[in-house]
Every structure is written in C-alpha cells, then in structure tokens.
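Written below as structure tokens is the structure these notes are about.
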Protein chains: 2
Amino acid sequence: MADTFISMRNLKFMLYEMFDTEALIQYPFFADHSREVFDMVLETGMRLGREILFPVLSEMDKEQPEFTGTTVKVHPIVKKVMKACGDGGWIGAHAPYDMGGQQIPMSIMTAFRGIFAAANYSACVYPFLTTGAAHLIVSFGSPELIEAYVPKMFAGEWQGTMALTEPQAGSSLTDVTTTAYPDDDGPYRLRGQKIFISCADYDSIENVVNLMLARIEGAPPGIRGISLFVVPNKRLNDEGVLVSNDVACAGIYHKLGYRGAPITQLSLGENDDCLGWLVGEPHKGIRYMFQMMNEARIDVGMGAAAIASAAYYAALDYAKERPQGRRITSKDPTEPQIPIIEHADVKRMLLFQKAVIEGSLSLIFQCARYTDLINVLDGDERERYELLLEILTPVAKTYPSEMGIQAVSQGLQCLGGYGYCDEFPLEQYYRDVRIHPIHEGTTGIQGMDLLGRKVVMKNGRAFFIYLNELETVIAESKGIEDLASYGEKLDEARDLLQEVTQSLTTLALEGKIEIFLADATLYLEFFGIIAIAWQWLLQVIKVHWAREEGPSDEDEAFYKGKDAAFRYFFEYELPKIQGLAARLKNSGDGLTVSMKPECFD
Amino acid sequence: MADTFISMRNLKFMLYEMFDTEALIQYPFFADHSREVFDMVLETGMRLGREILFPVLSEMDKEQPEFTGTTVKVHPIVKKVMKACGDGGWIGAHAPYDMGGQQIPMSIMTAFRGIFAAANYSACVYPFLTTGAAHLIVSFGSPELIEAYVPKMFAGEWQGTMALTEPQAGSSLTDVTTTAYPDDDGPYRLRGQKIFISCADYDSIENVVNLMLARIEGAPPGIRGISLFVVPNKRLNDEGVLVSNDVACAGIYHKLGYRGAPITQLSLGENDDCLGWLVGEPHKGIRYMFQMMNEARIDVGMGAAAIASAAYYAALDYAKERPQGRRITSKDPTEPQIPIIEHADVKRMLLFQKAVIEGSLSLIFQCARYTDLINVLDGDERERYELLLEILTPVAKTYPSEMGIQAVSQGLQCLGGYGYCDEFPLEQYYRDVRIHPIHEGTTGIQGMDLLGRKVVMKNGRAFFIYLNELETVIAESKGIEDLASYGEKLDEARDLLQEVTQSLTTLALEGKIEIFLADATLYLEFFGIIAIAWQWLLQVIKVHWAREEGPSDEDEAFYKGKDAAFRYFFEYELPKIQGLAARLKNSGDGLTVSMKPECFD
C-alpha cells in the first residue's frame, strides 16, 4: 500500500508560494512565529498522520464503534489521537494565547488538519470537532464557561461536539424543539432528543461537551427563539467530582463509511436532571452556531479533498506498478506489458483527480488566508475579506465534496476489479467521501445559501468583490504569453457568470422566489467550476514566475505536473459551464417547480 | 420500506407502446405466443421478485458469502432462486424449442431480468449468468456438449459462469496464459489461474460449468491463439457419477457491494486432472466469447438501470413521507412542515433519476428489440439491426452504468443523513451499483470499442445507419407542434455528433491513433447523452399519440411524468454535450498522451 496520502510539496506550494503565509508574521498577532515554526507544525502533522492515524485506517473501518447499551466502544487509537493532539496543543493551536492557544495561523492549521484528514478522516474528526466546539465557547461564552471547559477541551481530555439535528428537524433548524427550562438563576434544565451527533459519547474519554441548540421555554417560534447551550455529558458536583448530567446515548447509526467515528442519538433529561449553560445571550444561538458551522463547512471541504488526495496517491501507486496491456500502436502480443499509467485513459483519470484535488485545496487555502487576514485587519480591508469568505464558504464546502466523490470514483476505476475489493483502500475512500455532501448542510442547502443569500446580500456586494478578484487574476495572466489565452477563457467564464446571475436575480426581482432558487444547486456547481478555474490560473501564474527562477529538477517536474493539471482543468472541466449556463438561463420555465408529486410514480 | 422496485406500468410502456413487442408474434419463431403469455411472464417475474428476491436484499448484503477453505457458503435463498428459475423455464426461456427453450422474445426476458435485478441484483446474477453460459454452448458447442450440459443448466441444477480474467490479464485478454494440453482425442487437460469469476463455486449447487478462455499448448500468441472450453467443477465419470474435475476455489474477494454473489479465484489442474472440452473450433474463443459478452454488456446496463430504479422508488417513498421545512415563500415557523417532495431541489433530484433510469431502460429495450429482429429477419434488414446493435452495445452498457451511479447517489441524497445509514436501502444500492462500470469491460474499454471499432467499422456504416435512425425520429417530432422545438435540439445534437466524430476520425486518418482514442471515454459519454435524448424523444412521440386517444386519469398522470422527465432530460442533461464537444474538438492537442508519469507526484 502507498504510504503517501497527501503531498507535503503541494501543501508548501499552497502555503508559501501561492498565499505567502510566511508574510503573516508581519502582523503582531503572528509575530512570534517564523517559517521554521510553521514547517515544524506541518512536519509534526505528517509524522502523527503517518505513525498514528494512517496505519489504523482500515482497522477503524472494519472494527466499527459498538453501542454497549450505555456508551460506545471506539477504536483504542482514539485515546492516543486525542492525547497527542492535546499534548501538542493542536486542538487549540489557532486560538489566542490568553485562551490557551498558540496563535498559529488558520492557514497552517488548515494544512495540519488536511494531513490528518487524508491520513484517516474518522480519526481526525475527534480532535478537530473539539476545536470547533471550544472555539464557540471562546467566542461567545462567559469567562466562567471558558475557564470551566476550554482548557480541558484544548488538552484533549474532553471531547467537543455540535448538537443541532433532531428527528423532526434535520436541515430545518427552525423546528428544533429541545427545550431549556429556566431554573432560578442557575443553569437551565434541558429535555429533548438529538440525532446524528458525531462523537457525543464514547468509552475512552473522560467527558463530552455538547454545544447544543435548544429553545428556552416560552421563546418565540422559529429561528429567533433558538439559543446555544453548553451541555456536558458529565458535570462537576460541589465536590468537584464528575457526575452524570442525564445525557443518555440512545444508540448509534451504522453507516456507509466514515465508520471510525460514532454518530450518536442523545436523549436529554430523561430524569429531569440535564443541566445546560447558556452561551452568550438568549435566542442568538443560530447566529453563534453559524460561526462554527462556517468553519466546519470549510473543514468538510478539506475533508473531502483530503480523502480524494489519499485515494489519488493509492491509485497513482497502483497505476505505476500494475502491468496491463500494450501501447495502442503495438500489435505484438509477445512484447512485455506496460504499466497502466502509460495508457492515455488512465492518465486522464489521474489528471482529473489531480485537477480536482489541487484545485479544491487551492480554494480552501484561499479561504484560510481570508480567515487569517480577517483576524489581523480592520475596517474596509477586513470587510472585503469577510465578504469574500462569506460568498466562497458554500463553494469551498461543496465543490470538493461533490467532485471529491467523482475523483475517488475515478481512483477506484484505475484499479479495475481490485478497486471494488477491500484489499485496496479505494473502496473505503469511496464510502468515506460520500458523507461530505450531506453533513454540515447538504449540497442543496449550500446552493440556496450561495444564490439566495450570499450572492444577493448587500445588493450583491460580495458578488462584485468576487468578480473583481477574478479580474485581477485575469489581468495578470494576460501579461504572460503562455497564459493569455487561458486568461481569455476565464474572462469569458466571468462574463457568463455575471450574465447567468443577472438572469436568475431578475426572477427574484419579479417575485418568483421559488423558481429563482429551483436550480440553486446547479448554480453552485456552475459557480464552483469557475472558482476552481480562477484558483488554477492563480496557481500557474505562481508557477510561471517560479520557473523563471530556474527551479531544481524535482521542482521542475512538480511545476510541469501543475501545468498539466491546470490545462486539464481548462480543457475538460471549465467547458462544463456551457451546459450549465444553458440550463440556468432557462430556469424561468420552472420545470421542477411545476412537477406534481403524483407524476413521479 | 417501499415495496416498489421497478414500475410494471413503465415496462409495459416500453414493451407494448414503444417497441410493439406484441407484433413479434407475426414471425413464425414467436408465433405460439400472445400478449397474454408475455404478460404472464412479466407477472411471474414480478411475483418471484417480490416474494423471493426482494425480501432478502439486505440480508444477502450483510451475510456475505464465506469461503470455507474448499467451497463458498452462500445465502440459502440462492438455492430457491435457481430452482424457481429452473422450474419455471426462465433460464433458457429465450432459447429455441429444440434446445429446451421456450422461444420467448429477448424483449420480454429483458424485462423479466430487469425485474429480478431491481429486486435483488446479487440474487439475479446466479440464474442469468447461467443463461449466458448455456447460450454459448447452444451457439457453438457440439451436439454432445449441448446434451451434456444445457439441460442441467436450463433446469437450474448446474450454475454457469464466464471465466476470462487472470491475475496478469484483466482487461488485456491477449495475455491469457491458462493452458489446455491436448490429450489424444479426448478432452484437454487444463492448468492455470482465473480470478474475479462470479459464482464459480458455492455450496448449494450440484455443479458449476465454467465457460473458460485458455490457450491450447503451442497456439499462436495473442488473441488469435485463445480457445473456448467447457470446464465443469465436477465431471461425470464412467459410471455417470459426478466426481471432482480438479477445479479448486482458492478464495473469494470481499467487495464494496454486490455482496450476495461470490467472486472467486479458481486454480485449475493442481493435480493435473482438470479436463476441459473445446467449444467450436480451436483459436476462435474470443469471437465466441464476445457473443456472450455483448449480451452480458446489455445485461450490465440493465442491472445498473434496475438498481437505480429500486433506489428511485425508495427515495420517492421517503420524499413523500418525510416532512421537513416549509415552502420558501412561507416565513411562518408555526405552519406545519411539508413533505420534502414539495421542495424544488428534491423534485429536481427525483426528475434526474427518472430521466436517467427511464431513458436508460428505453435504450436497453431498443437493443433487445434489435436482438429479436435479428433473430427473425434476414439479409439487409437483419444486417441493419446487427450494425445498430453493435454500435449501441457499449452505450447501452455504459450510460446506465455511469449515470446509474449518479442517479443512486441523488436518491441517497434525498434522504440526507438517513441515506448514509443502513436502516434504509440507499447505501446498499450505492455500493451495489458501483460494480457496473467495471465488470464486463470497463468504461474505458467500452469507449475504445465505440470509437476505435464500432464507429469506424465498415467505413462508418453502423454510424451512418445510427444517424439515420436519429433523423427518422427528428422528422417525426417536427410534425408534432409541442415537440418540434425538441426535435430541433436533437437535430443540432446530431450535427454536433457528426462534426465531433469527423474531427476525431481525422486524427485517426492522420495516423495519430493514440491521440484519436485518448478521449474515447468522453466521446462515449457524449454519444450516450445524445442516444438517450433520441430515446426520450421517441418516448414522448408515443406519449403524444397515446394522449390523443383520451387516456384514463392514471395513464394521464403516467404520461405527464414522462413528459416532465423528457423535458428535464432536454433541459438539464442534453446541454452537457456542449462542454464535451468543446473538449473533443480539441482532442488533437494530446494533453493526456503527453503527460509524463513522473509529473503526477
């Protein structure tokens, strides 16, 4: 089995050649760091990935978590992963010093998490879900809450979770009914059910801290009556001893993939003794949760790109080793067979994977960079990056998730029949990666977020800033002879994006809201392809300048690979926007909206 | 759980309204039959599907075949399925009377197999793999071979298999090394290894008859030295008792899906006592095998469409039952939630599935009709249908296989998180359907077959006959007011097909063979979309005339569904040919061919 699951060379290209992460140290927040520190973080991530996570990839899949009736038995490695991440400070690494963090840039931690996700997606969820949950407390919790929970979470001693979904409220958070009953001025008492909660109960952790949405008794209906609570599985009693907080695990789900992490059902307050502590102000839970959700969405994009990366290297390894067939022009059956990587169709499948994965990673690191800049800038500049991050978040979640599935599928296909068998890891990656268009908001939800909210917000301000970003890159590419024709293509795509967007928003202005949003998923696909083309053009501009410097032979091969994947993207993927645009310009026909349910039978 | 896995109404639409299967009884070969007989076959298929196959769908997946060290333990239902199919005469149903068959049209048996495949794909493989293997003996075997094997196979007492693949020869059959040593004028002695052989050994069957490719000792190298043998797992000794034929099962594979059928490794002649009987003449094995393979390829297309159909009805059922969210225009959170089938994006996902599945089925039944006509016609007419079947076989295999995966994935997506869990059948369908682009020739192989062989053969004769078929349908649609604009669209697609094909074949004429075929997979995708558009236009022409007759309310709803899926296909799917054509016209750049293996790292 290949032991590469992600390319360090490419991560460094992203961090240092594309997005100049090193320059962040000019800002006081990051001033203590250096390139050496950043590299040490990456190397530690790679070492932990190689030594702890990757070796148990298949084992965690085959020995699934088991519900014992009261808790969940998980693979013993989980304890090690949490300890290693806690001891190393990786769970809270990007938090401020005064919160127990290390002020490491998000860009660097994005790479670190990507390494973990590529090594073993299920295993990486435990620590980094904890990061997200702790970050919510850090951002909105009282000093007492922070003190009580964050150090334990950053230390990897307590697991964090996000507890949103309920049986009757999946994507529709407005229908959350878990109720918090006020209890004098102490904590609230909670009663309700939560489902699909990752890692909310397992045997090898001392405590679990659920960041939970619930409705304070008597709160207004809908989104505006939802509050955020800290609801630990165990709470400290007056003697400082952890005792049950009446959070019962009612079972787990058996899943297609992503099997190393248990997805639990929780029952709260069966004995009327489940206490929850309000985070921030009442009724603002959705707004708070969305901070975590937006980070989580980019993490999902990274998870998908990372799994696709691991699948790519497994397929590449096989393609180099496996002899099969001869050149099409060779008719001599006594000639030796050639490795399948010599066949054009196999190269095409590999180039497709490379173009999707490295394009996705680029967009994800672009978002991480915006996050870092938002953290250190103020005023108009900060707002600009906030708007870019807002509009690109659904894209950075969805493009890698949807196309990651296709990439892994092509990786599996490279192995033929073996790809379908469990001797090779491809079939597991194929199952694992399918979760991403579902969790943290389905693709359909992301499409509506992009078109119905982000594109139109503030009179299209984020959208126009984004177009402006495209224009900058297009202009730069036009100054480089080899790239000018590609800049032209992106320019045409940009025009088409504007045209399609205008055609759709006209429907909204005419009050045809349902029809306006009916093809939002397709719009997101269309938008996503153009965003990745933008990132690929940006990559090869950097490659162009780097090659002018006379790179080493090894770097030259790396840059040539970039160039080929870039051209692949522009030749094979970008043209897909034509068909999508043709449909989107016709969305006004309301074809799906007018379909009657009874006609599906 | 939904108990519909395929629509009988739609199968009857295909058979009787689209392709007038009833009219086949005008030919002497089918003259004993009637619409009543055909309907009885379909109803029996549906009854067996409902009663025997469908109830164990999940059980056969979870309780996988187990290798015992000498044989393979399979689910007890397999015995029942083989017996029911043997007793009913379904294994040999389309064979001639004098071979023990019933001369049932292929069109009817295609529907029968489709029902079985939709009910439980793994279970349906046992009897219908036997059909294919027996058919090879019927077509090319000596009367003695036929007598010795076919009745037992048709009776469901002996299993048939296709044994092609070897460890060093997957897609490259030219590298088959299993050797047959002549032994005076008796049978040959075989030695070798076969892998990935479906159902080649299991405990609840008396015997297995492998139709096996092997090389007679001293045969010329390559494809031209490969012969076809009957190699049973057990042979009759002089006393008429079944004894071992030295065919050892060396193990089975654990697979992503399609788990109810064991895929075995065979070791032949370890004790130099494996006898094989030559089928037909020496060195013609590949030609013979391709007859079976071509049928098997259309069966694979049907298998994919059938699984996608079952997934569709499961998703539809859920979408009708599951309340979640409100109309986009409703802001009142106290209103009751609506079933998700009311959401435009869910309707879009369902329409996508319907358009893919019913379009695929239509193409498959078109091919079945050609097969029936080839069986009863002669001369030019027959040749015309043979050529159409030749050119459409890779398409009827691949479009349903590739798009079936997408359809099932959209079905899974309709269920959100539940789609990812094993309480619902979607996750199993998602795993099961992934086999189809791999077995019986990968998608890459089909692409090269279409472009490199079928399109160019006989100076493009099959291709031009196919274009002619499109023109006939286009012309008919142009005479129907509501359909004329769609006819126009197919006409443009037809032009584009011709243009792209010419641009590619020019590369071949220039001797750039590798570049010519480098994008063959994309060409197949492009060709496939147009073929399905052709079939959809054909469907709605029939619908148009049927609606003129004043159909019942139920039929009217069915026809409206057809109309919506048709329009969906033309609005959302057909435009995809634009992007594909843009690339295919540029194939001459040889982008993939020139990629160096070392640049993938």
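Following the order of the structure tokens, chains are lettered A, B, ..., residues in each are numbered from 1, and ligands are numbered from 1.
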### Task
Using only C-alpha atoms, select each residue of chain A with any atom at most 6 Å away from an atom of chain B, and give the selection as a ChimeraX atom specification.
/A:172,222,254-256,325,333,344-345,347-348,416,420-422,427,438,518,557-558,561,571-572,575-576,578-579,583,592-593,599-600
### Query
Could you pull the residues within 9 Å of Phe54 of chain A, counting only C-alpha atoms, minus those fewer than 6 positions along the same chain, as a PyMOL selection string?
chain A and resi 3+5+48+116+118-120
### Task
Quick one: everything within 12 Å of Leu145 of chain B, counting only C-alpha atoms, minus sequence neighbours fewer than 2 positions away in the same chain. Send it as a VMD selection string.
chain B and resid 99 134 to 143 147 to 153 187 209 211 229 to 232 276 to 280
### Query
In Å to one decimal, how far is atom CA of Leu470 of chain B from atom CA of Glu549 of chain B?
25.9 Å
### Task
Select, from A:Thr179, A:Ser122, A:Thr68, A:Gln366, the residue with the minimum atom-to-atom distance to Thr21 of chain A, counting only C-alpha atoms.
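Closest candidate: A:Gln366.
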### Task
Identify which of the residues A:Thr371, A:Thr70, A:Thr501, A:Ser362 lies closest to Leu537 of chain A, counting only C-alpha atoms when measuring atom-to-atom distances.
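Smallest separation from Leu537 of chain A among the options: A:Ser362.
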### Task
Just list the residues in segment 21-265 of chain B DSSP gives strand (DSSP E) on the backbone, as an NGL selection string.
:B and (66-67 or 72-73 or 158-163 or 179-181 or 188-198 or 207-216 or 226-232 or 234-236 or 242-244 or 247-252 or 263-265)
### Task
Rounded to one decimal place, report the atom CA of Met457 of chain A-atom CA of Leu213 of chain A distance in Å.
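Atom CA of Met457 of chain A sits 25.7 Å away from atom CA of Leu213 of chain A.
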### Query
Separation of atom CA of Ser244 of chain B and atom CA of Cys274 of chain B, in Å?
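Here the two named atoms are 8.5 Å from each other.
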As a compact mmCIF listing (two decimals) with C-alpha atoms, in the first residue's frame, please: the residues near Arg235 of chain A (cut-off 9 Å, only C-alpha atoms, same-chain neighbours under 5 positions excluded).
# COMPACT_ATOMS: atom_id res chain seq x y z
CA ASN A 207 -16.25 13.82 29.32
CA GLY A 240 -15.50 18.86 42.08
CA VAL A 241 -16.30 15.30 41.04
CA LEU A 242 -17.69 14.49 37.59
CA VAL A 243 -21.21 13.10 37.87
CA SER A 244 -23.80 12.18 35.28
CA ASN A 245 -25.60 15.10 33.62
CA LEU A 275 -28.27 20.90 33.07
### Message
Please list as a PyMOL selection string every residue within 6 Å of Asp61 of chain B, counting only C-alpha atoms and excluding residues in the same chain fewer than 2 positions away.
### Response
chain B and resi 58-59+63-64+259-260
Might you pull out every residue within 12 Å of Asp491 of chain A, with only C-alpha atoms counted and same-chain residues fewer than 6 positions away left off, and present them as an mmCIF file with all heavy atoms, in the first residue's frame?
data_model
loop_
_atom_site.group_PDB
_atom_site.id
_atom_site.type_symbol
_atom_site.label_atom_id
_atom_site.label_comp_id
_atom_site.auth_asym_id
_atom_site.auth_seq_id
_atom_site.Cartn_x
_atom_site.Cartn_y
_atom_site.Cartn_z
ATOM 1 N N LEU A 467 -16.078 39.080 -8.276
ATOM 2 C CA LEU A 467 -15.793 39.269 -9.715
ATOM 3 C C LEU A 467 -14.503 40.058 -9.881
ATOM 4 O O LEU A 467 -13.685 39.791 -10.767
ATOM 5 C CB LEU A 467 -16.947 40.013 -10.405
ATOM 6 C CG LEU A 467 -18.263 39.252 -10.572
ATOM 7 C CD1 LEU A 467 -19.273 40.115 -11.341
ATOM 8 C CD2 LEU A 467 -18.066 37.925 -11.301
ATOM 9 N N ASN A 468 -14.337 41.021 -9.017
ATOM 10 C CA ASN A 468 -13.150 41.839 -9.030
ATOM 11 C C ASN A 468 -11.876 41.025 -8.790
ATOM 12 O O ASN A 468 -10.842 41.255 -9.429
ATOM 13 C CB ASN A 468 -13.332 42.889 -7.926
ATOM 14 C CG ASN A 468 -12.464 44.077 -8.153
ATOM 15 O OD1 ASN A 468 -11.589 44.347 -7.356
ATOM 16 N ND2 ASN A 468 -12.661 44.757 -9.268
ATOM 17 N N GLU A 469 -11.965 40.054 -7.895
ATOM 18 C CA GLU A 469 -10.824 39.145 -7.657
ATOM 19 C C GLU A 469 -10.483 38.386 -8.932
ATOM 20 O O GLU A 469 -9.312 38.198 -9.270
ATOM 21 C CB GLU A 469 -11.149 38.142 -6.543
ATOM 22 C CG GLU A 469 -11.220 38.723 -5.158
ATOM 23 C CD GLU A 469 -9.869 39.185 -4.646
ATOM 24 O OE1 GLU A 469 -8.948 38.353 -4.510
ATOM 25 O OE2 GLU A 469 -9.734 40.407 -4.398
ATOM 26 N N LEU A 470 -11.532 37.906 -9.599
ATOM 27 C CA LEU A 470 -11.297 37.199 -10.859
ATOM 28 C C LEU A 470 -10.584 38.115 -11.853
ATOM 29 O O LEU A 470 -9.614 37.721 -12.504
ATOM 30 C CB LEU A 470 -12.617 36.734 -11.487
ATOM 31 C CG LEU A 470 -13.488 35.722 -10.738
ATOM 32 C CD1 LEU A 470 -14.619 35.220 -11.638
ATOM 33 C CD2 LEU A 470 -12.672 34.517 -10.283
ATOM 34 N N GLU A 471 -11.066 39.350 -11.936
ATOM 35 C CA GLU A 471 -10.496 40.282 -12.914
ATOM 36 C C GLU A 471 -9.014 40.529 -12.667
ATOM 37 O O GLU A 471 -8.232 40.622 -13.610
ATOM 38 C CB GLU A 471 -11.264 41.613 -12.875
ATOM 39 C CG GLU A 471 -12.581 41.510 -13.635
ATOM 40 C CD GLU A 471 -13.680 42.397 -13.050
ATOM 41 O OE1 GLU A 471 -13.358 43.365 -12.341
ATOM 42 O OE2 GLU A 471 -14.872 42.080 -13.313
ATOM 43 N N THR A 472 -8.640 40.612 -11.404
ATOM 44 C CA THR A 472 -7.228 40.848 -11.079
ATOM 45 C C THR A 472 -6.360 39.718 -11.629
ATOM 46 O O THR A 472 -5.314 39.951 -12.232
ATOM 47 C CB THR A 472 -7.051 40.923 -9.542
ATOM 48 O OG1 THR A 472 -7.974 41.881 -9.046
ATOM 49 C CG2 THR A 472 -5.643 41.306 -9.158
ATOM 50 N N VAL A 473 -6.812 38.501 -11.399
ATOM 51 C CA VAL A 473 -6.037 37.343 -11.851
ATOM 52 C C VAL A 473 -6.034 37.264 -13.385
ATOM 53 O O VAL A 473 -5.009 36.980 -14.011
ATOM 54 C CB VAL A 473 -6.595 36.045 -11.221
ATOM 55 C CG1 VAL A 473 -5.871 34.829 -11.775
ATOM 56 C CG2 VAL A 473 -6.447 36.103 -9.702
ATOM 57 N N ILE A 474 -7.183 37.530 -13.977
ATOM 58 C CA ILE A 474 -7.275 37.519 -15.441
ATOM 59 C C ILE A 474 -6.287 38.532 -16.021
ATOM 60 O O ILE A 474 -5.530 38.226 -16.952
ATOM 61 C CB ILE A 474 -8.727 37.838 -15.893
ATOM 62 C CG1 ILE A 474 -9.653 36.667 -15.536
ATOM 63 C CG2 ILE A 474 -8.781 38.133 -17.387
ATOM 64 C CD1 ILE A 474 -11.145 37.004 -15.573
ATOM 65 N N ALA A 475 -6.286 39.729 -15.444
ATOM 66 C CA ALA A 475 -5.401 40.783 -15.955
ATOM 67 C C ALA A 475 -3.944 40.347 -15.845
ATOM 68 O O ALA A 475 -3.160 40.510 -16.789
ATOM 69 C CB ALA A 475 -5.640 42.071 -15.183
ATOM 70 N N GLU A 476 -3.592 39.751 -14.724
ATOM 71 C CA GLU A 476 -2.198 39.330 -14.552
ATOM 72 C C GLU A 476 -1.830 38.254 -15.578
ATOM 73 O O GLU A 476 -0.755 38.286 -16.172
ATOM 74 C CB GLU A 476 -1.966 38.814 -13.123
ATOM 75 C CG GLU A 476 -0.479 38.658 -12.830
ATOM 76 C CD GLU A 476 -0.187 38.220 -11.391
ATOM 77 O OE1 GLU A 476 -1.116 38.214 -10.566
ATOM 78 O OE2 GLU A 476 0.992 37.874 -11.119
ATOM 79 N N SER A 477 -2.748 37.320 -15.796
ATOM 80 C CA SER A 477 -2.453 36.231 -16.733
ATOM 81 C C SER A 477 -2.283 36.738 -18.157
ATOM 82 O O SER A 477 -1.511 36.192 -18.942
ATOM 83 C CB SER A 477 -3.563 35.175 -16.691
ATOM 84 O OG SER A 477 -4.734 35.673 -17.298
ATOM 85 N N LYS A 478 -3.000 37.804 -18.471
ATOM 86 C CA LYS A 478 -2.911 38.313 -19.850
ATOM 87 C C LYS A 478 -1.541 38.907 -20.154
ATOM 88 O O LYS A 478 -1.168 39.051 -21.310
ATOM 89 C CB LYS A 478 -4.036 39.304 -20.114
ATOM 90 C CG LYS A 478 -5.381 38.587 -20.287
ATOM 91 C CD LYS A 478 -6.490 39.530 -20.700
ATOM 92 C CE LYS A 478 -7.808 38.764 -20.876
ATOM 93 N NZ LYS A 478 -8.950 39.659 -21.065
ATOM 94 N N ALA A 484 -2.045 33.827 -21.571
ATOM 95 C CA ALA A 484 -3.024 34.830 -22.008
ATOM 96 C C ALA A 484 -4.312 34.196 -22.521
ATOM 97 O O ALA A 484 -5.416 34.648 -22.205
ATOM 98 C CB ALA A 484 -2.400 35.730 -23.067
ATOM 99 N N SER A 485 -4.189 33.111 -23.295
ATOM 100 C CA SER A 485 -5.400 32.510 -23.878
ATOM 101 C C SER A 485 -6.275 31.888 -22.790
ATOM 102 O O SER A 485 -7.496 31.839 -22.909
ATOM 103 C CB SER A 485 -5.028 31.470 -24.925
ATOM 104 O OG SER A 485 -4.427 30.353 -24.298
ATOM 105 N N LEU A 497 -20.796 34.092 -15.923
ATOM 106 C CA LEU A 497 -21.240 34.072 -14.536
ATOM 107 C C LEU A 497 -22.119 35.282 -14.237
ATOM 108 O O LEU A 497 -23.179 35.181 -13.623
ATOM 109 C CB LEU A 497 -20.017 34.046 -13.601
ATOM 110 C CG LEU A 497 -20.278 34.166 -12.099
ATOM 111 C CD1 LEU A 497 -21.150 33.027 -11.599
ATOM 112 C CD2 LEU A 497 -18.959 34.195 -11.324
ATOM 113 N N GLN A 498 -21.660 36.429 -14.720
ATOM 114 C CA GLN A 498 -22.416 37.648 -14.475
ATOM 115 C C GLN A 498 -23.772 37.597 -15.195
ATOM 116 O O GLN A 498 -24.804 37.928 -14.625
ATOM 117 C CB GLN A 498 -21.585 38.840 -14.962
ATOM 118 C CG GLN A 498 -22.058 40.150 -14.376
ATOM 119 C CD GLN A 498 -21.009 41.240 -14.454
ATOM 120 O OE1 GLN A 498 -19.945 41.062 -15.059
ATOM 121 N NE2 GLN A 498 -21.314 42.387 -13.848
ATOM 122 N N ILE A 530 -16.069 27.706 -12.005
ATOM 123 C CA ILE A 530 -15.371 28.961 -12.335
ATOM 124 C C ILE A 530 -14.409 29.345 -11.206
ATOM 125 O O ILE A 530 -13.290 29.788 -11.456
ATOM 126 C CB ILE A 530 -16.390 30.076 -12.635
ATOM 127 C CG1 ILE A 530 -17.219 29.688 -13.871
ATOM 128 C CG2 ILE A 530 -15.691 31.418 -12.851
ATOM 129 C CD1 ILE A 530 -18.431 30.552 -14.122
ATOM 130 N N ALA A 533 -11.375 27.285 -11.580
ATOM 131 C CA ALA A 533 -10.586 27.767 -12.722
ATOM 132 C C ALA A 533 -9.767 28.993 -12.303
ATOM 133 O O ALA A 533 -8.583 29.123 -12.655
ATOM 134 C CB ALA A 533 -11.509 28.109 -13.888
ATOM 135 N N TRP A 534 -10.401 29.868 -11.565
ATOM 136 C CA TRP A 534 -9.711 31.057 -11.016
ATOM 137 C C TRP A 534 -8.500 30.621 -10.191
ATOM 138 O O TRP A 534 -7.385 31.132 -10.376
ATOM 139 C CB TRP A 534 -10.727 31.836 -10.179
ATOM 140 C CG TRP A 534 -10.200 32.828 -9.176
ATOM 141 C CD1 TRP A 534 -9.318 33.845 -9.403
ATOM 142 C CD2 TRP A 534 -10.576 32.891 -7.781
ATOM 143 N NE1 TRP A 534 -9.121 34.550 -8.226
ATOM 144 C CE2 TRP A 534 -9.884 33.988 -7.221
ATOM 145 C CE3 TRP A 534 -11.434 32.166 -6.964
ATOM 146 C CZ2 TRP A 534 -10.001 34.351 -5.872
ATOM 147 C CZ3 TRP A 534 -11.568 32.524 -5.627
ATOM 148 C CH2 TRP A 534 -10.865 33.604 -5.086
ATOM 149 N N LEU A 537 -5.720 29.220 -12.377
ATOM 150 C CA LEU A 537 -4.977 30.258 -13.099
ATOM 151 C C LEU A 537 -4.000 30.940 -12.133
ATOM 152 O O LEU A 537 -2.839 31.190 -12.484
ATOM 153 C CB LEU A 537 -5.958 31.259 -13.728
ATOM 154 C CG LEU A 537 -5.365 32.223 -14.757
ATOM 155 C CD1 LEU A 537 -4.643 31.491 -15.883
ATOM 156 C CD2 LEU A 537 -6.461 33.118 -15.349
ATOM 157 N N LEU A 574 -13.618 23.191 -17.265
ATOM 158 C CA LEU A 574 -14.227 24.513 -17.451
ATOM 159 C C LEU A 574 -15.331 24.514 -18.514
ATOM 160 O O LEU A 574 -16.366 25.166 -18.324
ATOM 161 C CB LEU A 574 -13.140 25.560 -17.752
ATOM 162 C CG LEU A 574 -13.611 27.019 -17.839
ATOM 163 C CD1 LEU A 574 -14.321 27.469 -16.567
ATOM 164 C CD2 LEU A 574 -12.443 27.959 -18.160
#
Just want the 6 Å neighbourhood of Ser227 of chain B, counted on only C-alpha atoms, with same-chain residues fewer than 5 positions away dropped. Output as a PDB file with N, CA and C atoms, in the first residue's frame.
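Output contents, as saved in result-v6.pdb:
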ATOM      1  N   LEU B 213     -11.765 -19.277 -21.136  1.00  0.00           N
ATOM      2  CA  LEU B 213     -10.773 -18.995 -22.173  1.00  0.00           C
ATOM      3  C   LEU B 213      -9.447 -19.601 -21.761  1.00  0.00           C
ATOM      4  N   ALA B 214      -8.823 -20.290 -22.712  1.00  0.00           N
ATOM      5  CA  ALA B 214      -7.492 -20.842 -22.448  1.00  0.00           C
ATOM      6  C   ALA B 214      -6.766 -20.976 -23.784  1.00  0.00           C
ATOM      7  N   ARG B 215      -5.494 -21.225 -23.687  1.00  0.00           N
ATOM      8  CA  ARG B 215      -4.634 -21.269 -24.850  1.00  0.00           C
ATOM      9  C   ARG B 215      -4.207 -22.728 -25.055  1.00  0.00           C
ATOM     10  N   PRO B 282     -10.711 -24.593 -32.549  1.00  0.00           N
ATOM     11  CA  PRO B 282      -9.606 -24.009 -31.785  1.00  0.00           C
ATOM     12  C   PRO B 282      -9.368 -22.548 -32.194  1.00  0.00           C
ATOM     13  N   HIS B 283      -8.844 -21.763 -31.278  1.00  0.00           N
ATOM     14  CA  HIS B 283      -8.380 -20.389 -31.543  1.00  0.00           C
ATOM     15  C   HIS B 283      -9.497 -19.397 -31.888  1.00  0.00           C
ATOM     16  N   LYS B 284     -10.729 -19.808 -31.717  1.00  0.00           N
ATOM     17  CA  LYS B 284     -11.822 -18.866 -32.004  1.00  0.00           C
ATOM     18  C   LYS B 284     -12.545 -18.443 -30.724  1.00  0.00           C
ATOM     19  N   GLY B 285     -11.879 -18.671 -29.618  1.00  0.00           N
ATOM     20  CA  GLY B 285     -12.532 -18.432 -28.323  1.00  0.00           C
ATOM     21  C   GLY B 285     -12.994 -17.007 -28.113  1.00  0.00           C
TER      22      GLY B 285
END
### Task
Can you work out which one of A:Ala250, A:Ile340, A:Ala368, A:Ile391 has the shortest atom-to-atom distance to Val455 of chain A, counting only C-alpha atoms?
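Of all the options, A:Ile391 lies closest to Val455 of chain A.
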